[in-house]
Structures are given as C-alpha cells and as structure tokens.
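Coordinates as given in data01.cif (mmCIF, C-alpha atoms):
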data_structure
loop_
_atom_site.label_atom_id
_atom_site.label_comp_id
_atom_site.auth_asym_id
_atom_site.auth_seq_id
_atom_site.Cartn_x
_atom_site.Cartn_y
_atom_site.Cartn_z
CA MET N 50 13.82 7.76 5.18
CA LEU N 51 10.54 6.92 6.91
CA SER N 52 8.05 9.68 7.58
CA CYS N 53 5.83 9.78 10.66
CA ARG N 54 2.91 8.88 8.41
CA ASP N 55 4.82 5.77 7.25
CA VAL N 56 5.39 4.76 10.88
CA SER N 57 1.71 5.25 11.67
CA GLU N 58 0.51 3.37 8.59
CA GLY N 59 3.06 0.61 9.14
CA ALA N 60 2.50 0.26 12.88
CA SER N 61 0.69 -3.09 12.67
CA HIS N 62 3.35 -4.45 10.34
CA PHE N 63 6.11 -3.30 12.70
CA ILE N 64 4.57 -4.79 15.83
CA GLU N 65 3.70 -8.09 14.15
CA GLY N 66 7.45 -8.66 13.89
CA GLU N 67 7.53 -9.80 10.28
CA THR N 68 9.81 -6.94 9.28
CA THR N 69 12.99 -7.19 7.23
CA LEU N 70 16.36 -6.10 8.59
CA MET N 71 16.20 -2.97 6.41
CA GLU N 72 12.73 -2.06 7.69
CA ARG N 73 13.83 -2.48 11.30
CA PHE N 74 16.90 -0.38 10.65
CA ASN N 75 14.85 2.42 9.07
CA LEU N 76 12.33 2.31 11.89
CA ARG N 77 15.03 2.51 14.58
CA LEU N 78 16.64 5.41 12.81
CA HIS N 79 13.34 7.25 12.75
CA LEU N 80 12.50 6.47 16.36
CA ILE N 81 15.85 7.78 17.57
CA ILE N 82 14.98 11.25 16.33
CA CYS N 83 11.18 11.23 16.75
CA SER N 84 9.65 11.16 20.23
CA HIS N 85 6.12 11.46 18.82
CA CYS N 86 6.45 8.22 16.91
CA ARG N 87 8.10 6.52 19.90
CA ARG N 88 5.07 7.45 21.97
CA PHE N 89 2.64 6.53 19.21
CA LEU N 90 4.16 3.10 18.63
CA LYS N 91 4.32 2.33 22.35
CA GLN N 92 0.65 3.25 22.75
CA PHE N 93 -0.33 1.39 19.58
CA ARG N 94 1.28 -1.72 21.04
CA LEU N 95 -0.60 -1.11 24.27
CA THR N 96 -3.87 -0.79 22.33
CA THR N 97 -3.27 -4.11 20.64
CA SER N 98 -2.39 -5.97 23.85
CA ALA N 99 -5.42 -4.48 25.59
CA SER N 100 -7.74 -5.55 22.78
CA ARG N 101 -6.58 -9.17 23.22
CA GLN N 102 -8.04 -9.13 26.71
CA LEU N 103 -11.50 -8.05 25.54
CA GLN N 104 -14.32 -10.16 24.10
CA GLN N 105 -12.77 -13.52 24.90
CA VAL N 106 -14.44 -16.53 23.28
CA PRO N 107 -16.57 -18.11 26.03
CA GLU N 108 -16.41 -21.83 26.82
CA MET N 109 -19.54 -23.86 26.17
CA ASN N 110 -20.77 -26.16 28.92
CA GLU N 111 -21.61 -29.82 28.38
CA GLU N 112 -25.41 -29.40 28.69
CA THR N 113 -25.63 -26.59 26.15
CA ALA N 114 -23.40 -28.53 23.76
CA ALA N 115 -25.56 -31.63 24.19
CA SER N 116 -28.80 -29.80 23.48
CA GLN N 117 -27.34 -27.99 20.47
CA ALA N 118 -26.00 -31.29 19.13
CA THR N 119 -29.44 -32.85 19.45
CA VAL N 120 -31.03 -29.99 17.50
CA LEU N 121 -28.37 -30.30 14.84
CA LYS N 122 -28.80 -34.05 14.44
CA SER N 123 -32.55 -33.80 14.17
CA LYS N 124 -32.26 -31.08 11.52
CA LEU N 125 -29.91 -33.30 9.56
CA GLU N 126 -32.34 -36.20 9.76
CA ASP N 127 -35.20 -33.95 8.60
CA GLN N 128 -33.25 -33.03 5.53
CA SER N 129 -32.09 -36.50 4.54
CA MET R 245 -14.84 -42.15 26.38
CA THR R 246 -13.93 -42.08 22.71
CA ASP R 247 -10.87 -40.08 21.80
CA PHE R 248 -11.58 -37.16 19.49
CA SER R 249 -8.22 -35.53 19.85
CA THR R 250 -7.44 -35.58 16.12
CA ASP R 251 -9.51 -34.08 13.33
CA GLU R 252 -9.59 -37.49 11.62
CA SER R 253 -11.09 -39.30 14.59
CA LEU R 254 -13.70 -36.59 15.12
CA ILE R 255 -14.64 -36.52 11.43
CA ALA R 256 -15.02 -40.30 11.38
CA ALA R 257 -17.31 -40.08 14.43
CA LEU R 258 -19.42 -37.34 12.83
CA LEU R 259 -19.75 -39.32 9.61
CA GLU R 260 -21.00 -42.28 11.64
CA GLY R 261 -23.50 -40.00 13.36
CA SER R 262 -22.03 -40.62 16.81
CA ASP R 263 -23.84 -38.61 19.51
CA ALA R 264 -20.67 -38.16 21.54
CA GLY R 265 -18.90 -36.94 18.40
CA PHE R 266 -21.57 -34.32 17.76
CA VAL R 267 -21.49 -33.07 21.35
CA HIS R 268 -17.71 -32.88 21.26
CA ALA R 269 -17.69 -31.00 17.94
CA VAL R 270 -20.30 -28.50 19.11
CA LYS R 271 -18.57 -27.90 22.44
CA GLN R 272 -15.18 -27.57 20.80
CA TYR R 273 -16.00 -25.41 17.80
CA GLN R 274 -19.32 -23.68 18.19
CA PRO R 275 -18.13 -20.89 20.55
CA SER R 276 -15.64 -19.79 17.88
CA MET R 277 -18.25 -20.13 15.16
CA ASN R 278 -20.75 -18.07 17.16
CA GLN R 279 -18.21 -15.36 17.79
CA LEU R 280 -17.24 -15.14 14.14
CA ALA R 281 -20.85 -15.05 12.92
CA LEU R 282 -21.64 -12.40 15.51
CA SER R 283 -18.76 -10.22 14.38
CA ILE R 284 -19.72 -10.43 10.71
CA CYS R 285 -23.49 -10.26 10.69
CA GLY R 286 -24.68 -9.28 14.16
CA GLU R 287 -26.82 -10.87 16.82
CA ALA R 288 -30.15 -10.93 14.97
CA ILE R 289 -29.13 -13.61 12.47
CA SER R 290 -25.90 -15.08 13.82
CA ASP R 291 -27.53 -18.15 15.41
CA GLU R 292 -29.24 -18.99 12.15
CA VAL R 293 -26.00 -18.52 10.23
CA VAL R 294 -24.13 -20.89 12.56
CA GLN R 295 -26.85 -23.50 12.27
CA GLU R 296 -26.82 -23.28 8.46
CA ALA R 297 -23.05 -23.51 8.51
CA TRP R 298 -23.14 -26.67 10.65
CA LEU R 299 -25.67 -28.30 8.35
CA SER R 300 -23.73 -27.58 5.20
CA ALA R 301 -20.45 -28.55 6.88
CA ILE R 302 -21.75 -31.94 8.02
CA ARG R 303 -23.31 -32.58 4.61
CA SER R 304 -20.03 -31.92 2.84
CA LEU R 305 -17.83 -33.47 5.53
CA SER R 306 -16.97 -36.53 3.43
CA ARG R 307 -15.33 -34.15 0.96
CA PHE R 308 -13.15 -32.48 3.63
CA GLU R 309 -9.60 -32.90 2.37
CA GLY R 310 -7.64 -31.83 5.42
CA ARG R 311 -5.82 -29.04 3.62
CA SER R 312 -6.58 -26.86 6.63
CA SER R 313 -7.58 -27.80 10.16
CA LEU R 314 -11.20 -28.78 10.74
CA LYS R 315 -11.66 -25.61 12.79
CA THR R 316 -10.41 -23.34 10.01
CA TRP R 317 -12.62 -25.17 7.53
CA LEU R 318 -15.70 -24.78 9.74
CA LEU R 319 -15.01 -21.09 10.29
CA ARG R 320 -14.60 -20.59 6.56
CA ILE R 321 -18.06 -22.05 6.04
CA VAL R 322 -19.47 -19.75 8.75
CA ALA R 323 -17.83 -16.69 7.16
CA ASN R 324 -19.11 -17.68 3.76
CA GLU R 325 -22.65 -18.16 5.03
CA ALA R 326 -22.57 -14.88 6.99
CA LYS R 327 -21.22 -12.94 4.03
CA SER R 328 -23.77 -14.30 1.60
CA ARG R 329 -26.56 -13.41 4.02
CA LEU R 330 -25.30 -9.83 4.19
CA ARG R 331 -24.79 -9.73 0.43
CA ARG R 332 -28.37 -10.88 -0.19
CA GLU R 333 -29.60 -8.11 2.11
CA ASN R 334 -27.23 -5.60 0.49
CA ARG R 335 -25.53 -5.04 3.82
CA LEU R 336 -22.03 -6.33 3.11
CA THR R 337 -19.55 -3.45 3.32
CA SER R 338 -17.25 -3.21 0.31
CA LEU R 339 -13.57 -3.99 0.89
CA ASP R 340 -12.70 -0.62 -0.62
CA ALA R 341 -14.67 1.15 2.08
CA LEU R 342 -13.14 -1.00 4.81
CA THR R 343 -9.54 -0.54 3.72
CA GLN R 344 -9.49 3.14 2.85
CA ASP R 345 -7.44 5.54 4.99
CA ASP R 346 -8.63 6.02 8.53
CA GLU R 347 -10.25 9.44 8.52
CA GLY R 348 -9.14 10.12 12.07
CA PHE R 349 -5.50 9.67 11.11
CA VAL R 350 -5.16 11.19 7.63
CA ASN R 351 -5.53 14.72 8.87
CA ARG R 352 -2.94 14.34 11.57
CA PHE R 353 0.00 14.66 9.21
CA ASP R 354 1.30 17.64 7.25
CA GLU R 355 2.21 17.47 3.56
CA ARG R 356 5.68 16.12 4.37
CA GLY R 357 4.21 13.33 6.46
CA HIS R 358 5.13 14.79 9.88
CA TRP R 359 2.66 14.73 12.76
CA SER R 360 0.66 17.94 12.78
CA VAL R 361 -1.53 16.74 15.65
CA TYR R 362 0.88 15.02 18.03
CA PRO R 363 -0.07 11.76 19.74
CA SER R 364 -1.05 12.67 23.31
CA ASP R 365 0.54 10.89 26.27
CA TRP R 366 -1.88 8.42 27.90
CA HIS R 367 0.28 8.08 31.05
CA VAL R 368 -0.27 4.33 31.21
CA SER R 369 2.37 1.66 30.95
CA SER R 370 0.48 -1.64 30.78
CA PRO R 371 -2.68 -3.06 29.19
CA ASP R 372 -4.00 -3.90 32.67
CA GLU R 373 -3.56 -0.34 33.81
CA LEU R 374 -5.35 0.85 30.69
CA LEU R 375 -8.24 -1.57 31.20
CA SER R 376 -8.55 -0.80 34.91
CA SER R 377 -11.21 1.70 33.84
CA ASP R 378 -14.49 -0.19 33.43
CA GLN R 379 -15.82 2.71 31.46
CA LEU R 380 -13.03 2.50 28.89
CA GLN R 381 -13.55 -1.26 28.63
CA GLN R 382 -17.19 -0.55 27.92
CA CYS R 383 -16.27 2.01 25.25
CA LEU R 384 -13.93 -0.46 23.56
CA ASN R 385 -16.44 -3.31 23.66
CA THR R 386 -19.08 -1.09 22.12
CA LEU R 387 -16.66 0.01 19.43
CA ILE R 388 -15.58 -3.57 18.61
CA GLU R 389 -19.20 -4.61 18.26
CA ALA R 390 -19.85 -1.65 15.98
CA LEU R 391 -16.89 -2.29 13.67
CA PRO R 392 -18.09 -3.22 10.18
CA ASP R 393 -18.30 -6.92 9.25
CA LEU R 394 -14.91 -7.99 7.88
CA GLN R 395 -12.95 -5.47 9.97
CA SER R 396 -14.55 -6.81 13.10
CA ALA R 397 -14.05 -10.42 11.98
CA THR R 398 -10.37 -9.86 11.21
CA LEU R 399 -9.70 -8.24 14.59
CA GLN R 400 -11.57 -11.00 16.38
CA LEU R 401 -9.85 -13.87 14.57
CA LYS R 402 -6.45 -12.33 15.15
CA GLU R 403 -6.69 -11.08 18.74
CA GLN R 404 -9.24 -13.38 20.36
CA GLN R 405 -8.73 -16.57 18.39
CA ASN R 406 -5.01 -16.22 17.64
CA PHE R 407 -5.19 -17.12 13.97
CA SER R 408 -2.28 -16.22 11.70
CA LEU R 409 -2.83 -13.71 8.91
CA SER R 410 -2.72 -16.45 6.28
CA GLU R 411 -5.34 -18.51 8.15
CA ILE R 412 -7.51 -15.39 8.36
CA CYS R 413 -7.35 -14.88 4.59
CA ASN R 414 -8.36 -18.50 4.16
CA ILE R 415 -11.31 -18.14 6.54
CA LEU R 416 -12.57 -14.80 5.21
CA ASP R 417 -11.58 -15.41 1.59
CA VAL R 418 -9.78 -12.07 1.42
CA SER R 419 -6.22 -11.47 0.16
CA GLU R 420 -3.43 -11.30 2.72
CA SER R 421 -2.71 -7.67 1.93
CA ASN R 422 -6.35 -6.81 2.55
CA VAL R 423 -6.32 -8.74 5.83
CA ARG R 424 -3.33 -6.66 6.93
CA VAL R 425 -5.11 -3.43 6.14
CA LEU R 426 -8.39 -4.56 7.75
CA LEU R 427 -6.51 -5.39 10.94
CA HIS R 428 -4.64 -2.10 10.94
CA ARG R 429 -7.78 -0.04 10.34
CA ALA R 430 -9.56 -1.79 13.20
CA ARG R 431 -6.61 -1.12 15.53
CA GLN R 432 -6.50 2.53 14.48
CA ARG R 433 -10.15 2.88 15.49
CA LEU R 434 -9.35 1.34 18.88
CA TYR R 435 -6.37 3.66 19.28
CA ARG R 436 -8.50 6.71 18.56
CA CYS R 437 -11.15 5.50 20.98
CA ILE R 438 -8.58 5.17 23.81
CA GLU R 439 -6.96 8.48 22.92
CA HIS R 440 -10.31 10.23 23.06
CA PHE R 441 -11.18 8.57 26.34
CA GLN R 442 -7.86 9.42 27.99
CA ALA R 443 -8.34 13.07 27.01
CA THR R 444 -12.03 13.51 27.84
CA GLY R 445 -13.14 10.60 30.04
CA GLU R 446 -15.85 9.81 27.51
CA CYS R 447 -16.45 7.33 24.73
CA SER R 448 -15.96 8.73 21.26
CA PRO R 449 -18.93 8.58 18.93
CA THR R 450 -18.44 5.41 16.85
#
Please rewrite the model in this file as structure tokens.
Amino acid sequence: MLSCRDVSEGASHFIEGETTLMERFNLRLHLIICSHCRRFLKQFRLTTSASRQLQQVPEMNEETAASQATVLKSKLEDQS
Amino acid sequence: MTDFSTDESLIAALLEGSDAGFVHAVKQYQPSMNQLALSICGEAISDEVVQEAWLSAIRSLSRFEGRSSLKTWLLRIVANEAKSRLRRENRLTSLDALTQDDEGFVNRFDERGHWSVYPSDWHVSSPDELLSSDQLQQCLNTLIEALPDLQSATLQLKEQQNFSLSEICNILDVSESNVRVLLHRARQRLYRCIEHFQATGECSPT
C-alpha cells in the first residue's frame, strides 16, 4: 500500500508515465481514498507544465551567429 | 545554400572550415549551449565556458563517432567544461547535497507517511491561469536561476530542451537514478514556491 509520502516522492515518476501496471494500480487505489494526494498530484502536474513555459531557449539571429562564428574561427586559427 | 540538415553534412563542413557551416552550427546549437552553461555555472563565466567548449569540440570533431546526436555531444562538452570550472573553484555542489530529501517536504508527513500539513488548494486549473500572475512568473524565474548547478541543468534540459532522461545522464554524466532525483527535487522547489505564493502573494525566500 502506498503512503502519501510515497506518492509525493514518486510524483515525478508517476507523471512521466513510465510506470508499471502494478504501480499505476497502487497509485489509483491510493488516490481513490486520498483527496490530499489527488490535489497534490494535480498541482504537481500543473507546476511541471507551467515550468515548461518559462525560460524558453531564445533563437539566435543570423548577424549574431555570423559574428560569433567569426570569433570562433579566428580563435581556432590562433591556436593552430 | 549548402544543406546542413544532417549531422554528417554539418560536421564535414566544419572540418573543411566552411564559413556557412560555422554560422549554421552557431545559430543552431549555441542558444542551447548558452542556456546550459548559464544554468550550471552562472552568467559571469558562461560565455567563456561556451567558447572553450566550442574550441575543444571543433578540435576533437574528427573523433566524433556519432553515438549520440551532434547536439547532445556538444552539450556534453559544455557541461563538462562548466563542471570542471566549478570544481576548480570549489563551487560544484555535491550530488549528495542535491539529491537529499527536500527539507520543505520531509516535515509534512507523520511517522506513518500521511500528510500532516495538507497540500493547500491553489484554485487554478491550467498552467496559463497559474502564470497569468506576472509576479509569480518572476518568483519562479528567480527560483530557477537560483537552483544549484546540476539541479538547474536537469530541469532546463528536461523542460525547456525536451531531452529524455537518458540523454540528460549522457550530457551531465550523472546516473539515470540521480537525474530522476535531481529533476524531482527541482520540481518540489517550484511546487513550494507556487504554494507559498498562492497563500501569501509573495515570493518565498530561495
């Protein structure tokens, strides 16, 4: 039987969807009787989705890339 | 315009010293490299780390065996460079410290493992609704930037760059079980930050 602590510690594992049938069964069983863990897991999922929208990797424009590439090539030539 | 759509064609161009190849490689990969370096070692030295990583990558490019994608290989070199910089300055956080129980969660359970401090209801149903508060976004961004090196890197590679857990262990040179824990600890910190904000309207101290 899973404890609430197990649900909390396993939350990432559960939401990544790599769980076994047995793990899913045990989790469901726990969630049926535990509203705290239902709420926790829902909000943990929400936390994860929200964090995906933050700190996106910016695109680099052509001019910046060109000037960085020039610096890089000249450094390589210095060293060879 | 030369086609650099495969790793092989781009690598061949870089080995020949093609200008267009260099521009393409920088444009394609450097944003990810910057972001990773930033998350591991911070703004002050991240540019230097990325530059060093490029130089050593290009120098060893002829030995690239294609066992991973070029991008994964480049990021692994960045992570390696960033970690050795921190190690030299005695600033690299130990994995033990990064994977130990989250202090904000351990005390929330009684001895039988039941919640003793119940999760509060945030009254939000979507990520967009949650992030509609600029102030909370700001809190979360500050927290993510303050997360320690490998915890921050793991979160960033997983959520922003969509790498799988096994690719992340390859890039960071950390076991898969540690990657799992690093990711979970980072998410727990974010959870606590949101929880605190929803209750008080303020950022939690990081």
task = Step by step, work through what the PyMOL selection byres ((chain N) within 7 of (chain R)) selects in the shown file, and finish by giving those residues as a PyMOL selection string.
result = chain N and resi 52-54+61+85+89+93+95-101+105-109+111+114-115+118+125
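Put simply, the PyMOL selection byres ((chain N and resi 56) around 9) on this file hits Leu51, Ser52, Cys53, Arg54, Asp55, Ser57, Glu58, Gly59, Ala60, Phe63, Leu76, His79, Cys86, Phe89 and Leu90 of chain N.
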Let me see the file: selected residues, C-alpha atoms, as a tab-separated table (two decimals), in the frame of the given file.
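Saved as out20.tsv:
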chain	number	residue	atom	x	y	z
N	51	LEU	CA	10.54	6.92	6.91
N	52	SER	CA	8.05	9.68	7.58
N	53	CYS	CA	5.83	9.78	10.66
N	54	ARG	CA	2.91	8.88	8.41
N	55	ASP	CA	4.82	5.77	7.25
N	57	SER	CA	1.71	5.25	11.67
N	58	GLU	CA	0.51	3.37	8.59
N	59	GLY	CA	3.06	0.61	9.14
N	60	ALA	CA	2.50	0.26	12.88
N	63	PHE	CA	6.11	-3.30	12.70
N	76	LEU	CA	12.33	2.31	11.89
N	79	HIS	CA	13.34	7.25	12.75
N	86	CYS	CA	6.45	8.22	16.91
N	89	PHE	CA	2.64	6.53	19.21
N	90	LEU	CA	4.16	3.10	18.63
Produce the centre coordinates and the three edge lengths, each in Å to one decimal, of the box along x, y and z that contains all listed atoms of segment 285-298 of chain R with 6 Å added on each side, as JSON.
{"center_x": -26.6, "center_y": -18.0, "center_z": 12.6, "size_x": 19.1, "size_y": 29.4, "size_z": 20.4}
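Distance check against Thr386 of chain R using only C-alpha atoms: of R:Leu339, R:Ile412, R:Cys447, R:Val423, the minimum falls on R:Cys447.
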key: Spatial neighbours of segment 321-324 of chain R, 7 Å, only C-alpha atoms, chain gap at least 4 places, as a list in words   =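 Everything that qualifies: Met277, Ala281, Val293, Val294, Ala297, Ala301, Trp317, Ser328, Ile415 and Leu416 of chain R.
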Write a file of the selected residues as a short mmCIF file (atom, residue, chain, number, x, y, z; two decimals), in the coordinates of the input, keeping C-alpha atoms.
data_model
loop_
_atom_site.label_atom_id
_atom_site.label_comp_id
_atom_site.auth_asym_id
_atom_site.auth_seq_id
_atom_site.Cartn_x
_atom_site.Cartn_y
_atom_site.Cartn_z
CA MET R 277 -18.25 -20.13 15.16
CA ALA R 281 -20.85 -15.05 12.92
CA VAL R 293 -26.00 -18.52 10.23
CA VAL R 294 -24.13 -20.89 12.56
CA ALA R 297 -23.05 -23.51 8.51
CA ALA R 301 -20.45 -28.55 6.88
CA TRP R 317 -12.62 -25.17 7.53
CA SER R 328 -23.77 -14.30 1.60
CA ILE R 415 -11.31 -18.14 6.54
CA LEU R 416 -12.57 -14.80 5.21
#
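Atom CA of Leu426 of chain R lies 6.6 Å from atom CA of Thr398 of chain R.
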